[in-house]
Structures are given as C-alpha cells and as structure tokens.
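*Asks:* Here you go, one structure.
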Amino acid sequence: MNLKQKIFSVICLLSVSLFIHAETDVQEQAEAISKKYIIADLHVDVPYRLKEQYEDVSQATESGDFDYPRAKKGGLDAPFMSIYIPASIEADGGDSTAVANELIDGVEKMVDQSPDKFALATSPGEIKANFKKGLISLPMGMENGSPIAGNLDNLKHFYDRGIRYITLSHSLSNHISDSSYDEKRPAQGLTDFGKKLVTEMNNIGMMVDVSHISDQAFEQVIEISQVPVIASHSSARHFTPGLDRNVGDDMIKALADQGGVIFINFGSTFVSQKSIDSYDAYKKAVADFIKDQGVASDSEEAKSFTKTYLEKTPFEFATLDTVLDHFDHVVKLVGIDHVGIGSDYDGVGDSLPTGLKDVSAYPNLIAGLLKRGYSEQDIEKILSGNLFRVWQQVEDFAKK
C-alpha cells in the first residue's frame, strides 16, 4: 500500500468513526428528549386487543404493540386508549353502547390493578400531574360514535366516564356521519343528529375527531364546530392519492385554519402507496385462489397458499423515513403547530413500518426529526404541545 492509499484509508476510517459518533449523539439526544417531555399518542388500540385476548399489559407481553415496559422504554406518557366499536355491531343491530362501557371498564381495570404504573386522565392538567409522579396516563377516545345511539344523554354519560374525543364514524356510515370507507353516503355528510352532536360536543368540552369520516362530513364539521377539531389517527393523502381515509391538502389547511391538529398514523398502508399496492396485490391473489379452487377462506388450502405467497412476495413495509415524510408535508403545508402522533399501535396488525414496530420506538421517531432539522421546541409540540393547546381550547370554550 503506497502513501496515498494509506492516507485515503485513514480518511475513510475517520469518516466512518465520525458518522457512528454523530449517529450515537443523535440517538442519545432523542432518548433524553423522550424522557424530558410528555409523549402523547392519540390512538392506541389496547382495549379491544385485550377484549379479544386478555393479557396483563402491566408486564411484558409476547403479542401486541403496547405494554408497560415497552412504553417506559419509549418514553410514552399518555397513550389515548381507543374505545373502538366495530361498525358491524351497529349494522347487525347489536348494543354498541354496552360494548363501549365494557371497554371503558377494561381501561379502569388496568389502572385498578396497577396504580403504581397507570392512571386515568381526563385533562391536560391531569396528564401533567401524572407525568410528575412517573405514571403513564390512560386518557380515552371513542373510535366510532355509534354508542351515542342517537341520544345526547349518552354523550354526557361517556364524558363522565372519561371519553375526551369521538371519532364520529368508522368503516361504515352510521347515525352520525358518512364514512370515508363506505361507498354509500346516505347523509351526504353529517346527519341532522350528527350536526347537533358536534355542537353538543363543543358545549360539553369533548374533541371532535374527523378521522374516518367522508370529505363532505369533514367540511360540515369544520363549518359547525366553534373550536379546533382533530384527526386523531390519519396521514397525508398527498402520498396515497386514492385513500380517502387520509386527509387531503385542502382539508389539512382547513383544519389548521381553525387551529386543529392532524395526528399521523404509522400504519404502512396509511403512509406508503407501495405498501397499499403490495397489500392489494396480496388480497387479490388470495381471493382469486379461493374463487378458482372453490375453497373456504379459512381452509387449509387457503392458509397454505397465503403462506407460500408471502414467502415469495413479502409485504412491502413502509419505513421510518416514510412516516417522517408525512410530518414534513404537514409542517411545510401549515406549520409546526398542527401535527402530532396518532400511531394506531395495536390497531393496524403487522403492518407497522421498520423502525416503528411498537411503543418502545418513539426515540427513533424523535431521532429522525432531529436529523431533519427539527428543533427541540418543535419536537415538544409534536410530542404533546399541540394536543394540549387544542384540548385546552376545547375545555375553555365549554367552561364559557
């Protein structure tokens, strides 16, 4: 090796060393930020997960995206427990109000069994007080307003039980609002009752959540609501043009003009068109096989085909950078004051992006934001500051 080669080799080694040190410094800074500030996540589907298969999430669990040890590792302080009501319950004539109460009972049980780890929270002040005590707050939001059941007394009931936002509809249009997923739009937006409900939510101090609802319903919510509204777990439609479930640029601007916040969903099929295409191709292949072979969807033949297909054509996961692109897009569009975290952990199955696989991964998100030039002050707003501002505005209006 001649002198030039030796010098080049030394320079390469120094560059690699500096890069590793820089990466380490950013990750350490991210870890410190995750512990310094309150991290609030607007949508974590723990309650329905435990309804389907109970686990003690105060301990490490083998399944799911959330448990206490992983939450503490990630710095998660206020995961909104999603009181998720499948649209099929109302559609099939079931008692969604009873299911909602059962799920709230489950959240209260988590706190009762582990008061040294979890605490209920119904206001920004309570979350901040719990943070000082080292407790993870469990505020609640209702995903799908079907438990209101056309009775405004139920709104007061669920407010008293701790619900602080309602996603007006879910995968089907309901008695409140049309759904973005439902080709049938019987109300052409909000129903008459839905319009009254939005006003009463303002009056009682409950945040209105526009995730899942149709564009027309969104426009009507913006027109009716006298306080900022939220999209608790949606991403930017800019990257997924055919996915109405996400929020378009004009909608993000309207949300921001009113002071609202969009909380970014992490699911691969919410943030990546490639992931959507990959999943659609998989679904089509399975459906075609079932039809061609004349077998049931849960048959051994179908299961075998699915396994073989995924081995040959793995699902294309989104990445941390894909998710960060959504944060960047919203910030460039309307500013840092209108974006937050709505991961949908425990609600999007195995589709979570690389680098954001469970609730221990918030420092990865923070490190990514730091690398993209976000200041610590900016990051604090994303982690919880923007939520607290909107939530306080909603509470202050109700007090008047």
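Letters for chains follow the order of the structure tokens (A, B, ...), residue numbers begin at 1 for each chain, and ligand numbers begin at 1 in the order shown.
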Need the shell around Val394 in chain A: protein/DNA/RNA residues with any atom at most 8 Å away, counting only C-alpha atoms. Skip same-chain ones fewer than 3 positions apart. Format as a ChimeraX atom specification?

*Replies:* /A:202,205-207,227-228,390-391,397-398

*Asks:* Using C-alpha atoms, can you write the selected residues to a file as an mmCIF file, in the first residue's frame?

*Replies:*
data_model
loop_
_atom_site.group_PDB
_atom_site.id
_atom_site.type_symbol
_atom_site.label_atom_id
_atom_site.label_comp_id
_atom_site.auth_asym_id
_atom_site.auth_seq_id
_atom_site.Cartn_x
_atom_site.Cartn_y
_atom_site.Cartn_z
ATOM 1 C CA ASN A 202 -68.254 21.682 21.695
ATOM 2 C CA GLY A 205 -65.781 20.018 26.124
ATOM 3 C CA MET A 206 -65.169 16.921 24.002
ATOM 4 C CA MET A 207 -62.869 16.994 20.974
ATOM 5 C CA VAL A 227 -63.443 25.136 18.376
ATOM 6 C CA PRO A 228 -60.481 23.386 16.705
ATOM 7 C CA VAL A 390 -56.228 22.194 21.216
ATOM 8 C CA TRP A 391 -57.554 20.256 24.195
ATOM 9 C CA PHE A 397 -64.917 27.030 25.295
ATOM 10 C CA ALA A 398 -67.047 24.566 27.263
#

*Asks:* Please, which residues of range 173-307 of chain A, numbered as in this document, come out strand (DSSP E or B) from DSSP, as a PyMOL selection string?

*Replies:* chain A and resi 177+179+190+207-209+213+230-231+236+247+261-264

*Asks:* Those same residues, written as a CSV table (one decimal), in the first residue's frame with C-alpha atoms?

*Replies:*
chain,number,residue,atom,x,y,z
A,177,SER,CA,-71.8,10.6,9.8
A,179,SER,CA,-67.7,7.1,6.4
A,190,LEU,CA,-73.4,14.5,8.7
A,207,MET,CA,-62.9,17.0,21.0
A,208,VAL,CA,-64.4,16.2,17.6
A,209,ASP,CA,-62.4,13.7,15.6
A,213,ILE,CA,-65.4,10.4,8.1
A,230,ILE,CA,-58.6,16.9,15.4
A,231,ALA,CA,-57.8,14.0,13.1
A,236,ALA,CA,-51.5,12.9,4.4
A,247,VAL,CA,-56.6,13.8,4.8
A,261,VAL,CA,-54.2,19.2,14.6
A,262,ILE,CA,-53.6,16.1,12.4
A,263,PHE,CA,-52.0,13.2,14.3
A,264,ILE,CA,-50.0,11.0,12.0

*Asks:* With distances taken over only C-alpha atoms, which residue among A:Glu28, A:Asp95, A:Glu23, A:Asp41 lies nearest Ile382 in chain A?

*Replies:*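 The closest residue to Ile382 in chain A is A:Asp41.
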
*Asks:* Skipping near chain neighbours, those fewer than 3 positions away, what residues fall within 8 Å of Pro69 in chain A using only C-alpha atoms, listed as an NGL selection string?

*Replies:* :A and (58-60 or 72-73)

*Asks:* Going by DSSP on the backbone, which bits of range 18-225 of chain A are helix (DSSP H, G or I)? Write them as an MDAnalysis selection string, please.

*Replies:* chainID A and resid 18:36 46:52 68:74 87:91 96:113 124:133 146:148 152:160 192:204 215:224

*Asks:* CA of Ser351 in chain A to CA of Ser180 in chain A: how many Å, to one decimal?

*Replies:*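 Answer for the CA of Ser351 in chain A to CA of Ser180 in chain A separation: 20.5 Å.
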
*Asks:* Would you mind reading off the distance between CA of Ser343 in chain A and CA of Phe158 in chain A, one decimal, in Å?

*Replies:*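 Separation of CA of Ser343 in chain A and CA of Phe158 in chain A: 23.5 Å.
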
*Asks:* Report the distance between CA of Ile379 in chain A and CA of Val334 in chain A in Å, rounded to one decimal place.

*Replies:*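 Computing it gives 15.7 Å between the two atoms.
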
*Asks:* Kindly assemble as CSV a list of the range 171-259 of chain A residues that lie within 10 Å of range 86-94 of chain A, each paired with its nearest atom pair and their distance in Å to one decimal, using only C-alpha atoms, sorted first by chain and then by ascending residue number.

*Replies:*
residue,atom,partner,partner_atom,distance
A:Ser171,CA,A:Ala87,CA,6.0
A:Leu172,CA,A:Ala87,CA,5.9
A:Ser173,CA,A:Ala87,CA,8.3
A:Asn174,CA,A:Glu90,CA,7.9
A:His175,CA,A:Glu90,CA,9.4

*Asks:* Write a file of the selected residues as a PDB file, in the first residue's frame, keeping C-alpha atoms.

*Replies:*
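What follows is the written file part.pdb:
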ATOM      1  CA  SER A 171     -65.744   1.826   8.418  1.00  0.00           C
ATOM      2  CA  LEU A 172     -69.471   2.235   7.700  1.00  0.00           C
ATOM      3  CA  SER A 173     -71.715   5.269   7.672  1.00  0.00           C
ATOM      4  CA  ASN A 174     -73.725   5.473  10.898  1.00  0.00           C
ATOM      5  CA  HIS A 175     -76.444   7.566  12.505  1.00  0.00           C
TER       6      HIS A 175
END

*Asks:* Counting only C-alpha atoms, which of A:Asp105, A:Ile38, A:Lys132, A:Val271 gets nearest to Pro353 in chain A?

*Replies:*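 Of the candidates, the smallest distance to Pro353 in chain A is held by A:Val271.
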
*Asks:* Find the spatial neighbours of Leu197 in chain A, counting only C-alpha atoms, within a cut-off of 8 Å - ignore same-chain residues fewer than 3 positions away - and output them as number ranges by chain.

*Replies:* A: 152, 176, 193-194, 200-201

*Asks:* Determine, counting only C-alpha atoms, which protein, DNA and RNA residues have an atom within 12 Å of an atom of Ile341 in chain A; residues of the same chain fewer than 5 positions away are not included. Present the result as a PDB file with C-alpha atoms, in the first residue's frame.

*Replies:*
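File produced: out.pdb:
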ATOM      1  CA  ILE A  38     -44.597  14.256  27.699  1.00  0.00           C
ATOM      2  CA  ILE A  39     -45.224  11.958  24.738  1.00  0.00           C
ATOM      3  CA  ALA A  40     -48.921  11.687  23.913  1.00  0.00           C
ATOM      4  CA  ASP A  41     -50.190   9.276  21.275  1.00  0.00           C
ATOM      5  CA  LEU A  42     -53.774   9.970  20.222  1.00  0.00           C
ATOM      6  CA  HIS A  43     -54.654   6.426  19.190  1.00  0.00           C
ATOM      7  CA  VAL A  44     -53.575   3.127  20.769  1.00  0.00           C
ATOM      8  CA  LEU A  76     -44.707   7.096  26.200  1.00  0.00           C
ATOM      9  CA  ALA A  78     -50.188   9.456  27.540  1.00  0.00           C
ATOM     10  CA  PRO A  79     -51.483   6.850  25.095  1.00  0.00           C
ATOM     11  CA  PHE A  80     -55.126   7.574  24.328  1.00  0.00           C
ATOM     12  CA  ILE A 230     -58.577  16.862  15.413  1.00  0.00           C
ATOM     13  CA  ALA A 231     -57.775  13.988  13.090  1.00  0.00           C
ATOM     14  CA  SER A 232     -56.684  11.510  15.755  1.00  0.00           C
ATOM     15  CA  HIS A 233     -55.004   8.928  13.507  1.00  0.00           C
ATOM     16  CA  SER A 234     -54.799   9.982   9.875  1.00  0.00           C
ATOM     17  CA  SER A 235     -51.969  10.666   7.454  1.00  0.00           C
ATOM     18  CA  VAL A 261     -54.180  19.155  14.560  1.00  0.00           C
ATOM     19  CA  ILE A 262     -53.615  16.060  12.404  1.00  0.00           C
ATOM     20  CA  PHE A 263     -52.043  13.194  14.328  1.00  0.00           C
ATOM     21  CA  ILE A 264     -50.050  10.974  11.959  1.00  0.00           C
ATOM     22  CA  ASN A 265     -50.971   7.294  11.638  1.00  0.00           C
ATOM     23  CA  PHE A 266     -47.934   4.973  11.382  1.00  0.00           C
ATOM     24  CA  GLY A 267     -49.548   2.021   9.550  1.00  0.00           C
ATOM     25  CA  VAL A 323     -43.613   8.344   8.210  1.00  0.00           C
ATOM     26  CA  LEU A 324     -41.314  11.335   8.663  1.00  0.00           C
ATOM     27  CA  HIS A 326     -45.838  12.875   6.354  1.00  0.00           C
ATOM     28  CA  PHE A 327     -44.735  15.050   9.283  1.00  0.00           C
ATOM     29  CA  VAL A 359     -44.309   1.741  21.618  1.00  0.00           C
ATOM     30  CA  TYR A 362     -40.687   6.850  19.836  1.00  0.00           C
ATOM     31  CA  LEU A 365     -39.087   8.998  15.526  1.00  0.00           C
ATOM     32  CA  ILE A 366     -37.502  11.796  17.561  1.00  0.00           C
ATOM     33  CA  ILE A 379     -40.423  18.274  18.715  1.00  0.00           C
ATOM     34  CA  GLU A 380     -42.067  19.097  22.037  1.00  0.00           C
ATOM     35  CA  LYS A 381     -45.051  20.481  20.095  1.00  0.00           C
ATOM     36  CA  ILE A 382     -45.311  17.275  18.071  1.00  0.00           C
ATOM     37  CA  LEU A 383     -44.993  15.055  21.157  1.00  0.00           C
ATOM     38  CA  SER A 384     -47.773  16.734  23.149  1.00  0.00           C
ATOM     39  CA  GLY A 385     -47.714  20.527  22.978  1.00  0.00           C
ATOM     40  CA  ASN A 386     -50.079  20.784  20.027  1.00  0.00           C
ATOM     41  CA  LEU A 387     -52.510  18.347  21.646  1.00  0.00           C
TER      42      LEU A 387
END

*Asks:* Quick one: residues within 10 Å of Asp346 in chain A, only C-alpha atoms counted, chain neighbours fewer than 4 positions away excluded, as a VMD selection string?

*Replies:* chain A and resid 43 to 50 63 to 66 82 350 352 358 to 359

*Asks:* Which residue out of A:Leu168, A:Lys128, A:Asp112, A:Thr306 has the minimum interatomic distance to Ser146 in chain A when only C-alpha atoms are used?

*Replies:* A:Leu168

*Asks:* Please list as a list in words every residue within 9 Å of Phe270 in chain A, counting only C-alpha atoms and excluding residues in the same chain fewer than 6 positions away.

*Replies:*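 Final neighbour list, sorted by chain and number: Ser234, Ser235, Ala236, Arg237, Phe239, Thr240, Leu243, Arg245, Asn246 and Ile276 of chain A.
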
*Asks:* Ranking A:Met142, A:Ala71, A:Leu120, A:Val221 by minimum distance to Val99 in chain A and counting only C-alpha atoms, which one comes first?

*Replies:*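 Closest to Val99 in chain A of all the choices is A:Met142.
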